[in-house]
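Coordinates from coords-v6.csv are shown below (CSV, C-alpha atoms).
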```csv
chain,number,residue,atom,x,y,z
K,769,MET,CA,0.0,0.0,0.0
K,770,SER,CA,1.5,3.4,-1.0
K,771,GLY,CA,0.4,7.0,-0.7
K,772,CYS,CA,-0.9,8.9,2.3
K,773,ALA,CA,-3.5,11.7,2.6
K,774,ARG,CA,-2.5,15.3,2.2
K,775,THR,CA,-2.8,17.6,5.2
K,776,GLY,CA,-5.3,20.4,5.4
K,777,ASP,CA,-9.1,20.7,4.8
K,778,GLY,CA,-9.7,18.3,7.7
K,779,VAL,CA,-7.9,15.4,6.0
K,780,LEU,CA,-5.7,13.4,8.3
K,781,ALA,CA,-2.0,13.0,7.4
K,782,GLY,CA,-0.7,9.5,7.3
K,783,LYS,CA,-4.1,7.8,6.8
K,784,PRO,CA,-5.0,5.7,3.8
K,785,HIS,CA,-6.5,8.2,1.4
K,786,ILE,CA,-9.8,7.1,-0.3
K,787,GLY,CA,-11.1,9.0,-3.3
K,788,LEU,CA,-14.8,9.0,-4.1
K,789,ALA,CA,-16.2,9.9,-7.5
K,790,ALA,CA,-19.6,11.3,-6.5
K,791,LEU,CA,-20.3,13.1,-9.8
K,792,LEU,CA,-24.0,12.2,-9.9
K,793,LEU,CA,-25.0,14.1,-6.8
K,794,SER,CA,-27.9,16.3,-7.8
K,795,PRO,CA,-29.8,19.2,-6.3
K,796,GLU,CA,-33.5,18.7,-5.4
K,797,GLY,CA,-36.2,19.1,-8.0
K,798,THR,CA,-35.1,16.7,-10.8
K,799,TYR,CA,-35.4,13.0,-11.5
K,800,ARG,CA,-31.6,12.8,-10.8
K,801,ALA,CA,-32.2,13.6,-7.2
K,802,ALA,CA,-33.4,10.0,-6.6
K,803,GLY,CA,-31.8,6.7,-5.8
K,804,ILE,CA,-28.2,7.3,-6.9
K,805,ASN,CA,-28.2,10.8,-5.4
K,806,ILE,CA,-29.6,9.5,-2.1
K,807,TYR,CA,-27.0,6.7,-2.0
K,808,SER,CA,-24.1,9.0,-2.7
K,809,GLY,CA,-25.1,11.7,-0.3
K,810,GLN,CA,-26.0,9.4,2.6
K,811,LEU,CA,-23.0,7.2,2.2
K,812,LEU,CA,-20.7,10.2,2.1
K,813,ARG,CA,-22.3,11.6,5.3
K,814,ALA,CA,-22.0,8.2,7.1
K,815,LEU,CA,-18.4,7.6,5.9
K,816,GLY,CA,-17.5,11.1,7.0
K,817,GLU,CA,-18.7,10.3,10.6
K,818,LEU,CA,-16.6,7.1,10.5
K,819,ALA,CA,-13.5,8.5,9.0
K,820,LEU,CA,-11.6,9.1,12.2
K,821,GLY,CA,-12.4,5.9,13.9
K,822,GLN,CA,-11.7,3.8,10.7
K,823,GLY,CA,-8.4,5.5,10.1
K,824,LEU,CA,-9.4,6.8,6.7
K,825,ALA,CA,-9.0,10.1,4.9
K,826,LEU,CA,-11.7,10.8,2.4
K,827,THR,CA,-11.8,13.1,-0.6
K,828,ALA,CA,-14.9,13.3,-2.8
K,829,TRP,CA,-15.2,14.9,-6.3
K,830,VAL,CA,-18.7,16.4,-6.4
K,831,PRO,CA,-20.6,18.4,-9.0
K,832,GLY,CA,-20.6,21.7,-7.2
K,833,GLU,CA,-19.8,23.8,-4.1
K,834,TRP,CA,-23.1,22.9,-2.4
K,835,ALA,CA,-22.0,19.3,-1.6
K,836,VAL,CA,-20.4,19.6,1.9
K,837,PHE,CA,-20.1,16.5,4.1
K,838,PRO,CA,-18.4,16.8,7.5
K,839,GLY,CA,-15.3,14.6,7.6
K,840,VAL,CA,-15.0,14.5,3.8
K,841,ARG,CA,-12.9,16.9,1.8
K,842,SER,CA,-15.1,17.9,-1.2
K,843,ILE,CA,-13.6,19.1,-4.5
K,844,PRO,CA,-16.1,20.7,-6.9
K,845,VAL,CA,-16.1,19.6,-10.6
K,846,PRO,CA,-18.1,22.1,-12.7
K,847,GLN,CA,-17.8,19.8,-15.8
K,848,ALA,CA,-20.0,17.3,-14.0
K,849,ARG,CA,-23.1,19.4,-14.8
K,850,SER,CA,-23.2,18.0,-18.3
K,851,VAL,CA,-23.2,14.4,-19.4
K,852,VAL,CA,-20.4,14.7,-21.9
K,853,GLY,CA,-18.4,16.9,-19.6
K,854,ARG,CA,-18.8,14.5,-16.7
K,855,VAL,CA,-17.8,11.4,-18.7
K,856,LEU,CA,-14.7,13.1,-20.2
K,857,TRP,CA,-13.6,14.6,-16.9
K,858,GLU,CA,-14.1,11.3,-15.0
K,859,GLN,CA,-12.2,9.2,-17.6
K,860,LEU,CA,-9.3,11.6,-18.5
K,861,VAL,CA,-8.9,14.1,-15.6
K,862,LEU,CA,-9.9,12.3,-12.4
K,863,PRO,CA,-7.2,9.6,-12.5
K,864,VAL,CA,-4.6,12.4,-12.8
K,865,ARG,CA,-6.1,14.4,-10.0
K,866,ALA,CA,-6.5,11.4,-7.8
K,867,ARG,CA,-2.8,10.5,-8.1
K,868,GLN,CA,-1.8,14.1,-7.4
K,869,GLU,CA,-3.9,14.0,-4.2
K,870,GLY,CA,-2.2,10.7,-3.1
K,871,VAL,CA,-5.3,8.6,-3.4
K,872,VAL,CA,-4.6,4.9,-2.9
K,873,LEU,CA,-8.2,3.6,-3.6
K,874,LEU,CA,-10.8,5.1,-5.8
K,875,HIS,CA,-14.5,4.4,-5.4
K,876,GLY,CA,-16.8,5.1,-8.3
K,877,LEU,CA,-20.2,5.6,-6.6
K,878,ALA,CA,-22.3,5.1,-9.7
K,879,PHE,CA,-21.5,2.4,-12.3
K,880,SER,CA,-18.2,3.7,-13.5
K,881,LEU,CA,-14.5,4.1,-12.8
K,882,PRO,CA,-11.7,5.8,-14.8
K,883,LEU,CA,-10.4,3.2,-17.1
K,884,PHE,CA,-6.8,4.6,-16.8
K,885,TRP,CA,-6.8,4.2,-13.0
K,886,LYS,CA,-4.3,1.4,-12.1
K,887,GLU,CA,-4.5,1.5,-8.3
K,888,ALA,CA,-7.0,-0.2,-6.0
K,889,SER,CA,-10.6,0.6,-6.8
K,890,VAL,CA,-14.3,-0.1,-6.0
K,891,VAL,CA,-17.3,0.5,-8.1
K,892,THR,CA,-21.0,0.5,-7.0
K,893,ILE,CA,-23.5,-1.2,-9.3
K,894,PHE,CA,-27.1,-0.3,-8.5
K,895,ASP,CA,-28.9,-2.5,-11.0
K,896,LEU,CA,-28.7,-3.9,-14.5
K,897,SER,CA,-32.0,-2.6,-15.7
K,898,PHE,CA,-30.4,-1.6,-19.0
K,899,ALA,CA,-30.0,-5.4,-19.6
K,900,ARG,CA,-33.0,-6.8,-17.8
K,901,VAL,CA,-35.6,-4.3,-19.0
K,902,PRO,CA,-33.9,-2.6,-22.0
K,903,GLN,CA,-37.3,-1.3,-23.3
K,904,CYS,CA,-37.3,1.1,-20.3
K,905,HIS,CA,-34.2,2.9,-21.4
K,906,SER,CA,-33.2,4.9,-24.5
K,907,ALA,CA,-30.7,3.2,-26.8
K,908,ALA,CA,-28.0,5.7,-26.0
K,909,ARG,CA,-28.4,5.2,-22.3
K,910,ARG,CA,-28.4,1.4,-22.7
K,911,LEU,CA,-25.1,1.5,-24.6
K,912,TYR,CA,-23.4,3.9,-22.2
K,913,LEU,CA,-24.4,2.0,-19.1
K,914,ARG,CA,-23.6,-1.4,-20.5
K,915,LEU,CA,-20.1,-0.4,-21.7
K,916,LEU,CA,-19.1,1.6,-18.6
K,917,ALA,CA,-20.5,-0.9,-16.1
K,918,LEU,CA,-18.9,-3.9,-17.9
K,919,LEU,CA,-15.5,-2.4,-18.1
K,920,SER,CA,-15.5,-0.8,-14.6
K,921,ALA,CA,-16.8,-4.0,-12.9
K,922,ARG,CA,-14.2,-6.2,-14.5
K,923,ARG,CA,-11.3,-3.8,-13.8
K,924,ALA,CA,-12.3,-2.9,-10.2
K,925,SER,CA,-10.7,-4.6,-7.2
K,926,ALA,CA,-14.2,-5.1,-5.8
K,927,VAL,CA,-17.8,-4.4,-6.8
K,928,VAL,CA,-20.5,-3.2,-4.4
K,929,ALA,CA,-23.9,-4.6,-5.2
K,930,ILE,CA,-26.8,-3.1,-3.3
K,931,SER,CA,-28.7,-6.4,-3.1
K,932,GLN,CA,-28.2,-10.1,-3.6
K,933,ALA,CA,-30.4,-9.8,-6.8
K,934,THR,CA,-28.0,-7.2,-8.2
K,935,LYS,CA,-25.0,-9.4,-7.3
K,936,ALA,CA,-26.5,-12.3,-9.2
K,937,ASP,CA,-27.0,-10.0,-12.2
K,938,VAL,CA,-23.5,-8.6,-12.0
K,939,CYS,CA,-22.1,-12.1,-12.0
K,940,ALA,CA,-24.4,-13.5,-14.7
K,941,LEU,CA,-24.5,-10.5,-17.1
K,942,LEU,CA,-21.1,-8.9,-16.6
K,943,GLY,CA,-19.1,-12.0,-16.0
K,944,VAL,CA,-17.7,-10.9,-12.6
K,945,PRO,CA,-16.6,-13.7,-10.2
K,946,PRO,CA,-18.9,-13.9,-7.2
K,947,GLY,CA,-16.0,-13.5,-4.7
K,948,LYS,CA,-15.3,-10.1,-6.1
K,949,VAL,CA,-18.8,-8.8,-5.4
K,950,ARG,CA,-19.8,-7.5,-1.9
K,951,VAL,CA,-23.5,-7.0,-1.1
K,952,ILE,CA,-23.9,-3.8,1.0
K,953,TYR,CA,-27.5,-2.8,1.5
K,954,CYS,CA,-28.7,0.8,1.4
K,955,GLY,CA,-29.9,2.4,4.7
K,956,VAL,CA,-32.9,4.4,5.7
K,957,GLU,CA,-32.8,7.8,7.5
K,958,GLU,CA,-34.3,8.1,11.0
K,959,ARG,CA,-36.6,10.9,9.8
K,960,PHE,CA,-38.7,8.2,8.1
K,961,ARG,CA,-40.9,7.1,11.0
K,962,PRO,CA,-44.6,6.7,12.0
K,963,LEU,CA,-46.5,9.8,12.9
K,964,PRO,CA,-49.4,10.3,15.3
K,965,GLU,CA,-52.9,10.2,13.7
K,966,GLY,CA,-53.3,13.9,14.5
K,967,GLU,CA,-50.2,14.9,12.5
K,968,LYS,CA,-51.2,12.7,9.6
K,969,GLU,CA,-54.7,14.2,9.4
K,970,ALA,CA,-53.2,17.7,9.7
K,971,PHE,CA,-50.9,17.0,6.8
K,972,ARG,CA,-53.6,15.6,4.6
K,973,SER,CA,-55.8,18.5,5.4
K,974,GLY,CA,-53.1,21.0,4.6
K,975,LYS,CA,-52.4,19.3,1.2
K,976,GLY,CA,-56.1,19.0,0.5
K,977,VAL,CA,-55.8,15.3,-0.6
K,978,GLY,CA,-57.9,13.4,1.9
K,979,ARG,CA,-57.2,9.7,2.2
K,980,TYR,CA,-54.7,8.5,-0.5
K,981,ILE,CA,-52.7,5.6,-1.9
K,982,LEU,CA,-49.1,6.6,-2.5
K,983,PHE,CA,-46.5,5.8,-5.2
K,984,GLN,CA,-43.2,7.5,-4.8
K,985,GLY,CA,-40.3,7.4,-7.3
K,986,THR,CA,-39.2,8.7,-10.7
K,987,LEU,CA,-42.0,8.6,-13.3
K,988,GLU,CA,-40.5,6.4,-15.9
K,989,PRO,CA,-41.5,3.2,-17.7
K,990,ARG,CA,-39.6,0.9,-15.4
K,991,LYS,CA,-41.9,1.9,-12.5
K,992,ASN,CA,-44.9,0.2,-14.3
K,993,LEU,CA,-47.2,3.2,-13.7
K,994,VAL,CA,-49.4,2.6,-16.7
K,995,ARG,CA,-50.5,-0.8,-15.2
K,996,LEU,CA,-50.8,0.9,-11.7
K,997,LEU,CA,-53.3,3.3,-13.2
K,998,ARG,CA,-55.3,0.5,-14.8
K,999,ALA,CA,-55.3,-1.4,-11.5
K,1000,TYR,CA,-56.4,1.7,-9.7
K,1001,ALA,CA,-59.3,2.1,-12.1
K,1002,LEU,CA,-60.4,-1.4,-11.2
K,1003,VAL,CA,-60.2,-0.5,-7.5
K,1004,ARG,CA,-62.4,2.5,-7.9
K,1005,ARG,CA,-65.1,0.3,-9.4
K,1006,GLN,CA,-65.1,-1.8,-6.2
K,1007,LEU,CA,-64.6,0.7,-3.4
K,1008,ARG,CA,-66.8,3.7,-2.7
K,1009,PRO,CA,-65.5,6.0,-1.4
K,1010,CYS,CA,-62.1,5.2,-2.8
K,1011,PRO,CA,-58.8,7.0,-1.7
K,1012,ARG,CA,-57.1,9.1,-4.3
K,1013,LEU,CA,-53.9,7.8,-6.0
K,1014,VAL,CA,-50.9,10.1,-5.5
K,1015,LEU,CA,-48.0,9.6,-7.9
K,1016,ALA,CA,-45.1,11.4,-6.3
K,1017,GLY,CA,-41.8,12.0,-8.0
K,1018,ALA,CA,-40.1,13.9,-10.7
K,1019,PRO,CA,-40.9,13.2,-14.4
K,1020,GLY,CA,-38.3,10.9,-16.0
K,1021,TRP,CA,-37.8,9.4,-19.4
K,1022,GLY,CA,-41.1,8.4,-21.0
K,1023,TYR,CA,-43.4,9.9,-18.4
K,1024,ARG,CA,-45.8,11.3,-20.9
K,1025,GLU,CA,-47.3,7.9,-21.4
K,1026,VAL,CA,-48.5,8.0,-17.8
K,1027,LEU,CA,-50.2,11.3,-18.3
K,1028,ALA,CA,-51.9,10.0,-21.4
K,1029,GLU,CA,-53.1,6.9,-19.6
K,1030,ARG,CA,-54.6,8.9,-16.8
K,1031,ALA,CA,-56.5,10.9,-19.3
K,1032,ARG,CA,-57.7,7.8,-21.3
K,1033,LEU,CA,-59.0,6.3,-18.1
K,1034,GLY,CA,-60.8,9.5,-17.1
K,1035,LEU,CA,-58.9,9.7,-13.8
K,1036,GLU,CA,-57.8,13.3,-13.9
K,1037,ALA,CA,-59.7,14.1,-10.7
K,1038,ASP,CA,-58.7,11.0,-8.8
K,1039,VAL,CA,-54.9,10.7,-9.6
K,1040,LEU,CA,-52.7,13.5,-8.3
K,1041,PHE,CA,-49.2,14.2,-9.7
K,1042,THR,CA,-47.2,16.0,-7.1
K,1043,GLY,CA,-43.9,16.4,-9.0
K,1044,PHE,CA,-40.7,16.1,-7.1
K,1045,ILE,CA,-41.3,16.2,-3.3
K,1046,PRO,CA,-38.8,18.2,-1.3
K,1047,SER,CA,-36.9,16.0,1.2
K,1048,ARG,CA,-38.4,17.8,4.2
K,1049,GLU,CA,-41.9,16.8,3.1
K,1050,LEU,CA,-41.3,13.2,2.0
K,1051,PRO,CA,-41.6,11.6,5.4
K,1052,PHE,CA,-45.0,13.1,5.8
K,1053,TRP,CA,-46.3,11.9,2.4
K,1054,TYR,CA,-45.2,8.3,3.4
K,1055,ALA,CA,-46.5,8.3,6.9
K,1056,ALA,CA,-49.9,9.8,6.0
K,1057,ALA,CA,-50.7,7.4,3.2
K,1058,GLU,CA,-53.3,4.6,3.6
K,1059,CYS,CA,-50.8,2.3,1.8
K,1060,PHE,CA,-47.8,2.4,-0.4
K,1061,VAL,CA,-47.8,0.7,-3.8
K,1062,PHE,CA,-44.6,0.2,-5.8
K,1063,PRO,CA,-45.2,-2.2,-8.7
K,1064,SER,CA,-41.8,-1.7,-10.4
K,1065,LEU,CA,-40.7,-4.1,-13.1
K,1066,TYR,CA,-37.1,-4.2,-11.9
K,1067,GLU,CA,-35.2,-2.6,-9.0
K,1068,GLY,CA,-31.6,-2.9,-7.8
K,1069,PHE,CA,-32.9,-2.3,-4.3
K,1070,GLY,CA,-36.2,-0.4,-4.1
K,1071,LEU,CA,-35.4,2.3,-1.5
K,1072,PRO,CA,-39.0,3.7,-1.5
K,1073,VAL,CA,-40.2,0.3,-0.2
K,1074,LEU,CA,-37.8,0.6,2.8
K,1075,GLN,CA,-38.7,4.2,3.4
K,1076,ALA,CA,-42.4,3.4,3.4
K,1077,MET,CA,-42.0,0.5,5.8
K,1078,ALA,CA,-39.9,2.7,8.2
K,1079,SER,CA,-42.7,5.2,8.1
K,1080,GLY,CA,-45.3,2.7,9.4
K,1081,THR,CA,-47.1,2.4,6.1
K,1082,PRO,CA,-48.3,-1.0,4.7
K,1083,VAL,CA,-46.7,-1.9,1.4
K,1084,ILE,CA,-47.7,-3.6,-1.8
K,1085,THR,CA,-44.8,-4.2,-4.2
K,1086,SER,CA,-43.6,-6.5,-7.0
K,1087,ASN,CA,-42.4,-10.1,-6.7
K,1088,ALA,CA,-39.6,-9.1,-9.1
K,1089,SER,CA,-35.8,-8.6,-8.8
K,1090,SER,CA,-34.7,-7.3,-5.4
K,1091,LEU,CA,-38.1,-6.2,-4.0
K,1092,PRO,CA,-39.0,-9.5,-2.3
K,1093,GLU,CA,-35.4,-9.4,-0.8
K,1094,VAL,CA,-35.9,-6.0,0.7
K,1095,ALA,CA,-39.5,-6.6,1.9
K,1096,ALA,CA,-38.7,-10.0,3.3
K,1097,GLY,CA,-42.2,-11.0,4.1
K,1098,ALA,CA,-43.2,-7.5,5.4
K,1099,ALA,CA,-45.2,-6.6,2.3
K,1100,ILE,CA,-47.8,-8.0,-0.1
K,1101,LEU,CA,-46.1,-9.2,-3.3
K,1102,VAL,CA,-47.7,-9.2,-6.7
K,1103,GLU,CA,-46.8,-10.1,-10.2
K,1104,PRO,CA,-46.1,-6.6,-11.7
K,1105,THR,CA,-47.8,-7.4,-15.0
K,1106,ALA,CA,-51.0,-8.7,-13.4
K,1107,GLU,CA,-53.2,-5.6,-13.2
K,1108,GLU,CA,-56.2,-7.5,-11.7
K,1109,ALA,CA,-54.0,-9.1,-9.0
K,1110,LEU,CA,-52.6,-5.6,-8.1
K,1111,ALA,CA,-56.1,-4.2,-7.9
K,1112,ALA,CA,-57.2,-7.1,-5.7
K,1113,ALA,CA,-54.2,-6.5,-3.3
K,1114,MET,CA,-55.1,-2.9,-3.0
K,1115,VAL,CA,-58.8,-3.6,-2.3
K,1116,ARG,CA,-57.9,-6.2,0.3
K,1117,LEU,CA,-55.4,-4.0,2.1
K,1118,LEU,CA,-57.7,-1.0,2.2
K,1119,GLN,CA,-60.5,-3.1,3.6
K,1120,GLU,CA,-58.7,-5.4,6.1
K,1121,ARG,CA,-57.6,-3.6,9.3
K,1122,GLU,CA,-55.9,-6.5,10.8
K,1123,LEU,CA,-53.8,-7.0,7.6
K,1124,GLN,CA,-52.8,-3.3,7.7
K,1125,GLN,CA,-51.7,-3.6,11.3
K,1126,GLU,CA,-49.8,-6.8,10.6
K,1127,LEU,CA,-47.8,-5.3,7.7
K,1128,VAL,CA,-47.1,-2.1,9.6
K,1129,ALA,CA,-45.6,-4.1,12.5
K,1130,LYS,CA,-43.6,-6.4,10.1
K,1131,GLY,CA,-42.4,-3.4,8.1
K,1132,LEU,CA,-41.1,-1.5,11.0
K,1133,GLU,CA,-39.2,-4.5,12.3
K,1134,ARG,CA,-37.7,-5.1,8.9
K,1135,ALA,CA,-36.7,-1.5,8.4
K,1136,ARG,CA,-34.8,-1.5,11.7
K,1137,SER,CA,-32.3,-3.9,10.1
K,1138,PHE,CA,-31.1,-1.3,7.6
K,1139,SER,CA,-29.0,1.8,8.3
K,1140,TRP,CA,-26.5,4.1,6.5
K,1141,HIS,CA,-24.1,3.7,9.5
K,1142,LYS,CA,-24.1,-0.1,8.8
K,1143,ALA,CA,-23.6,0.5,5.1
K,1144,ALA,CA,-20.7,2.9,5.8
K,1145,MET,CA,-19.1,0.4,8.2
K,1146,GLN,CA,-19.3,-2.4,5.6
K,1147,THR,CA,-17.9,-0.1,2.9
K,1148,ALA,CA,-15.0,1.0,5.0
K,1149,GLU,CA,-14.2,-2.7,5.8
K,1150,LEU,CA,-14.2,-3.4,2.0
K,1151,TYR,CA,-11.8,-0.5,1.5
K,1152,GLN,CA,-9.4,-2.1,4.0
K,1153,ASP,CA,-9.7,-5.5,2.5
K,1154,CYS,CA,-8.9,-4.1,-1.0
K,1155,LEU,CA,-5.9,-2.2,0.3
K,1156,GLN,CA,-4.6,-5.2,2.2
K,1157,SER,CA,-4.7,-7.3,-0.9
K,1158,ALA,CA,-3.3,-4.7,-3.2
```
Representation of the structure as structure tokens:
Amino acid sequence: MSGCARTGDGVLAGKPHIGLAALLLSPEGTYRAAGINIYSGQLLRALGELALGQGLALTAWVPGEWAVFPGVRSIPVPQARSVVGRVLWEQLVLPVRARQEGVVLLHGLAFSLPLFWKEASVVTIFDLSFARVPQCHSAARRLYLRLLALLSARRASAVVAISQATKADVCALLGVPPGKVRVIYCGVEERFRPLPEGEKEAFRSGKGVGRYILFQGTLEPRKNLVRLLRAYALVRRQLRPCPRLVLAGAPGWGYREVLAERARLGLEADVLFTGFIPSRELPFWYAAAECFVFPSLYEGFGLPVLQAMASGTPVITSNASSLPEVAAGAAILVEPTAEEALAAAMVRLLQERELQQELVAKGLERARSFSWHKAAMQTAELYQDCLQSA
């Protein structure tokens, strides 16, 4: 192992210097401020808290001055604000800058690493949706992700997969040996918690929504929202009165199809699009919902399912990819393409009080097994393992 951290800016001299490429951190208000952004931000915060105790010095390259994490030295990269600029900077400039800073291990937090980096490295792979559900991505995005993920995973000292399902895909589709892939689950923030009935009612009243079923996530084809709308239309025929359906999240690629389906079904008054929800409001939307429905076709982890369970909200989700792994018996699982089964699950959950209470209790228990502190500890252990074997 060679190289030590530089002094200054809170970095500890003489400690193994870890560099983190966090170029997909995003400000609130866009679809990019979703899973990868949450993972990058929360992991950096938790790693910063651990840095002294773990004997690590951390430097993160971030998109702008706004990204400040105690215990982590942040270096802004203006080029990261554009896709082409970010890719070129990461591939051509980052390896040079990292060597100049004395970095001994580089962690690419989102699918890719500089191909010219020769030292120890880790790359996080969130999912292989571009291979498993290619119809849910543009051709250019499929090509970019497949190429970068393939080359980065094969060159890295170790790969972080955020679920066992993702690990299986990384091994099967990218040809990475299982022993090289470490599963490290995402965490859930403590602000996602159950709320008293009075606070929930006050929130619903303030938003003017009444009782509601919640979906939260980027509005894109992979989330299976067209089928969710069709299933909700079936629910409305069976339940009177019926809670509204709230689709919360920023518009992503292909979201206009969801708007068109709402209009075709005549659900404009019953289905509410909130747009991107500010982080300070999100726990209230989860906790005040009658139930949370997440019928995604494919997820590397499914963070919204965990956030809903931690909020004390009963969950219906898909029996696909990582979602059964995350829910682990604490949610109703349905085949994501079966609209009638999805509708039946919603009707049952809305009508059966005992089932609601059972899922709330199981969900809270399951959510307690996940934390960003645990994720940071396991990531720091992986860094040490990579450095010891370098």
**OP:** Quick one: everything within 7 Å of Arg950 of chain K, counting all atoms listed in the file, minus sequence neighbours fewer than 2 positions away in the same chain. Send it as a PyMOL selection string.
**Re:** chain K and resi 927-929+948+952
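Closest to Ala1143 of chain K among K:Arg909, K:Lys886, K:Arg813, K:Lys991 is K:Arg813, based on only C-alpha atoms.
A straight line drawn from atom CA of Leu811 of chain K to atom CA of Ala940 of chain K is 26.8 Å long.
Comparing K:Val1061, K:Ala1135, K:Ala936, K:Leu911 by their smallest distance to Gly1097 of chain K, the closest is K:Ala1135 (using all atoms listed in the file).
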**OP:** Kindly provide, as JSON, numbers by chain, the polymer residues lying within 9 Å of (-50.4, 10.0, -10.3), counting only C-alpha atoms and using the coordinates exactly as they appear in the file.
**Re:** {"K": [982, 983, 993, 997, 1013, 1014, 1015, 1016, 1026, 1027, 1030, 1036, 1038, 1039, 1040, 1041, 1042]}
Original post:
Which one of K:Gln1124, K:Gln810, K:Ser1086, K:Gln859 sits closest to Val836 of chain K if you count all atoms listed in the file?
Top reply: K:Gln810
Would you fill the gaps in segment 999-1013 of chain K so it has N, CA and C atoms, then print it as a short mmCIF file (atom, residue, chain, number, x, y, z; two decimals), in the frame of the given file?
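The result, stored in part_3.cif:
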```
data_model
loop_
_atom_site.label_atom_id
_atom_site.label_comp_id
_atom_site.auth_asym_id
_atom_site.auth_seq_id
_atom_site.Cartn_x
_atom_site.Cartn_y
_atom_site.Cartn_z
N ALA K 999 -54.88 -0.70 -12.75
CA ALA K 999 -55.30 -1.40 -11.50
C ALA K 999 -56.12 -0.50 -10.64
N TYR K 1000 -55.71 0.74 -10.51
CA TYR K 1000 -56.40 1.70 -9.70
C TYR K 1000 -57.84 1.94 -10.22
N ALA K 1001 -57.97 1.98 -11.54
CA ALA K 1001 -59.30 2.10 -12.10
C ALA K 1001 -60.21 0.97 -11.72
N LEU K 1002 -59.66 -0.24 -11.62
CA LEU K 1002 -60.40 -1.40 -11.20
C LEU K 1002 -60.81 -1.24 -9.68
N VAL K 1003 -59.89 -0.71 -8.88
CA VAL K 1003 -60.20 -0.50 -7.50
C VAL K 1003 -61.33 0.46 -7.29
N ARG K 1004 -61.36 1.50 -8.06
CA ARG K 1004 -62.40 2.50 -7.90
C ARG K 1004 -63.80 1.93 -8.25
N ARG K 1005 -63.85 0.90 -9.05
CA ARG K 1005 -65.10 0.30 -9.40
C ARG K 1005 -65.65 -0.54 -8.17
N GLN K 1006 -64.73 -0.95 -7.28
CA GLN K 1006 -65.10 -1.80 -6.20
C GLN K 1006 -65.27 -1.10 -4.85
N LEU K 1007 -64.56 0.00 -4.67
CA LEU K 1007 -64.60 0.70 -3.40
C LEU K 1007 -65.20 2.09 -3.56
N ARG K 1008 -66.20 2.37 -2.74
CA ARG K 1008 -66.80 3.70 -2.70
C ARG K 1008 -67.07 4.05 -1.23
N PRO K 1009 -66.46 5.09 -0.70
CA PRO K 1009 -65.50 6.00 -1.40
C PRO K 1009 -64.15 5.30 -1.54
N CYS K 1010 -63.38 5.80 -2.48
CA CYS K 1010 -62.10 5.20 -2.80
C CYS K 1010 -61.01 6.32 -2.54
N PRO K 1011 -59.91 6.00 -1.84
CA PRO K 1011 -58.80 7.00 -1.70
C PRO K 1011 -58.29 7.41 -3.06
N ARG K 1012 -57.79 8.60 -3.12
CA ARG K 1012 -57.10 9.10 -4.30
C ARG K 1012 -55.79 8.31 -4.49
N LEU K 1013 -55.26 8.35 -5.68
CA LEU K 1013 -53.90 7.80 -6.00
C LEU K 1013 -52.98 8.97 -6.16
#
```
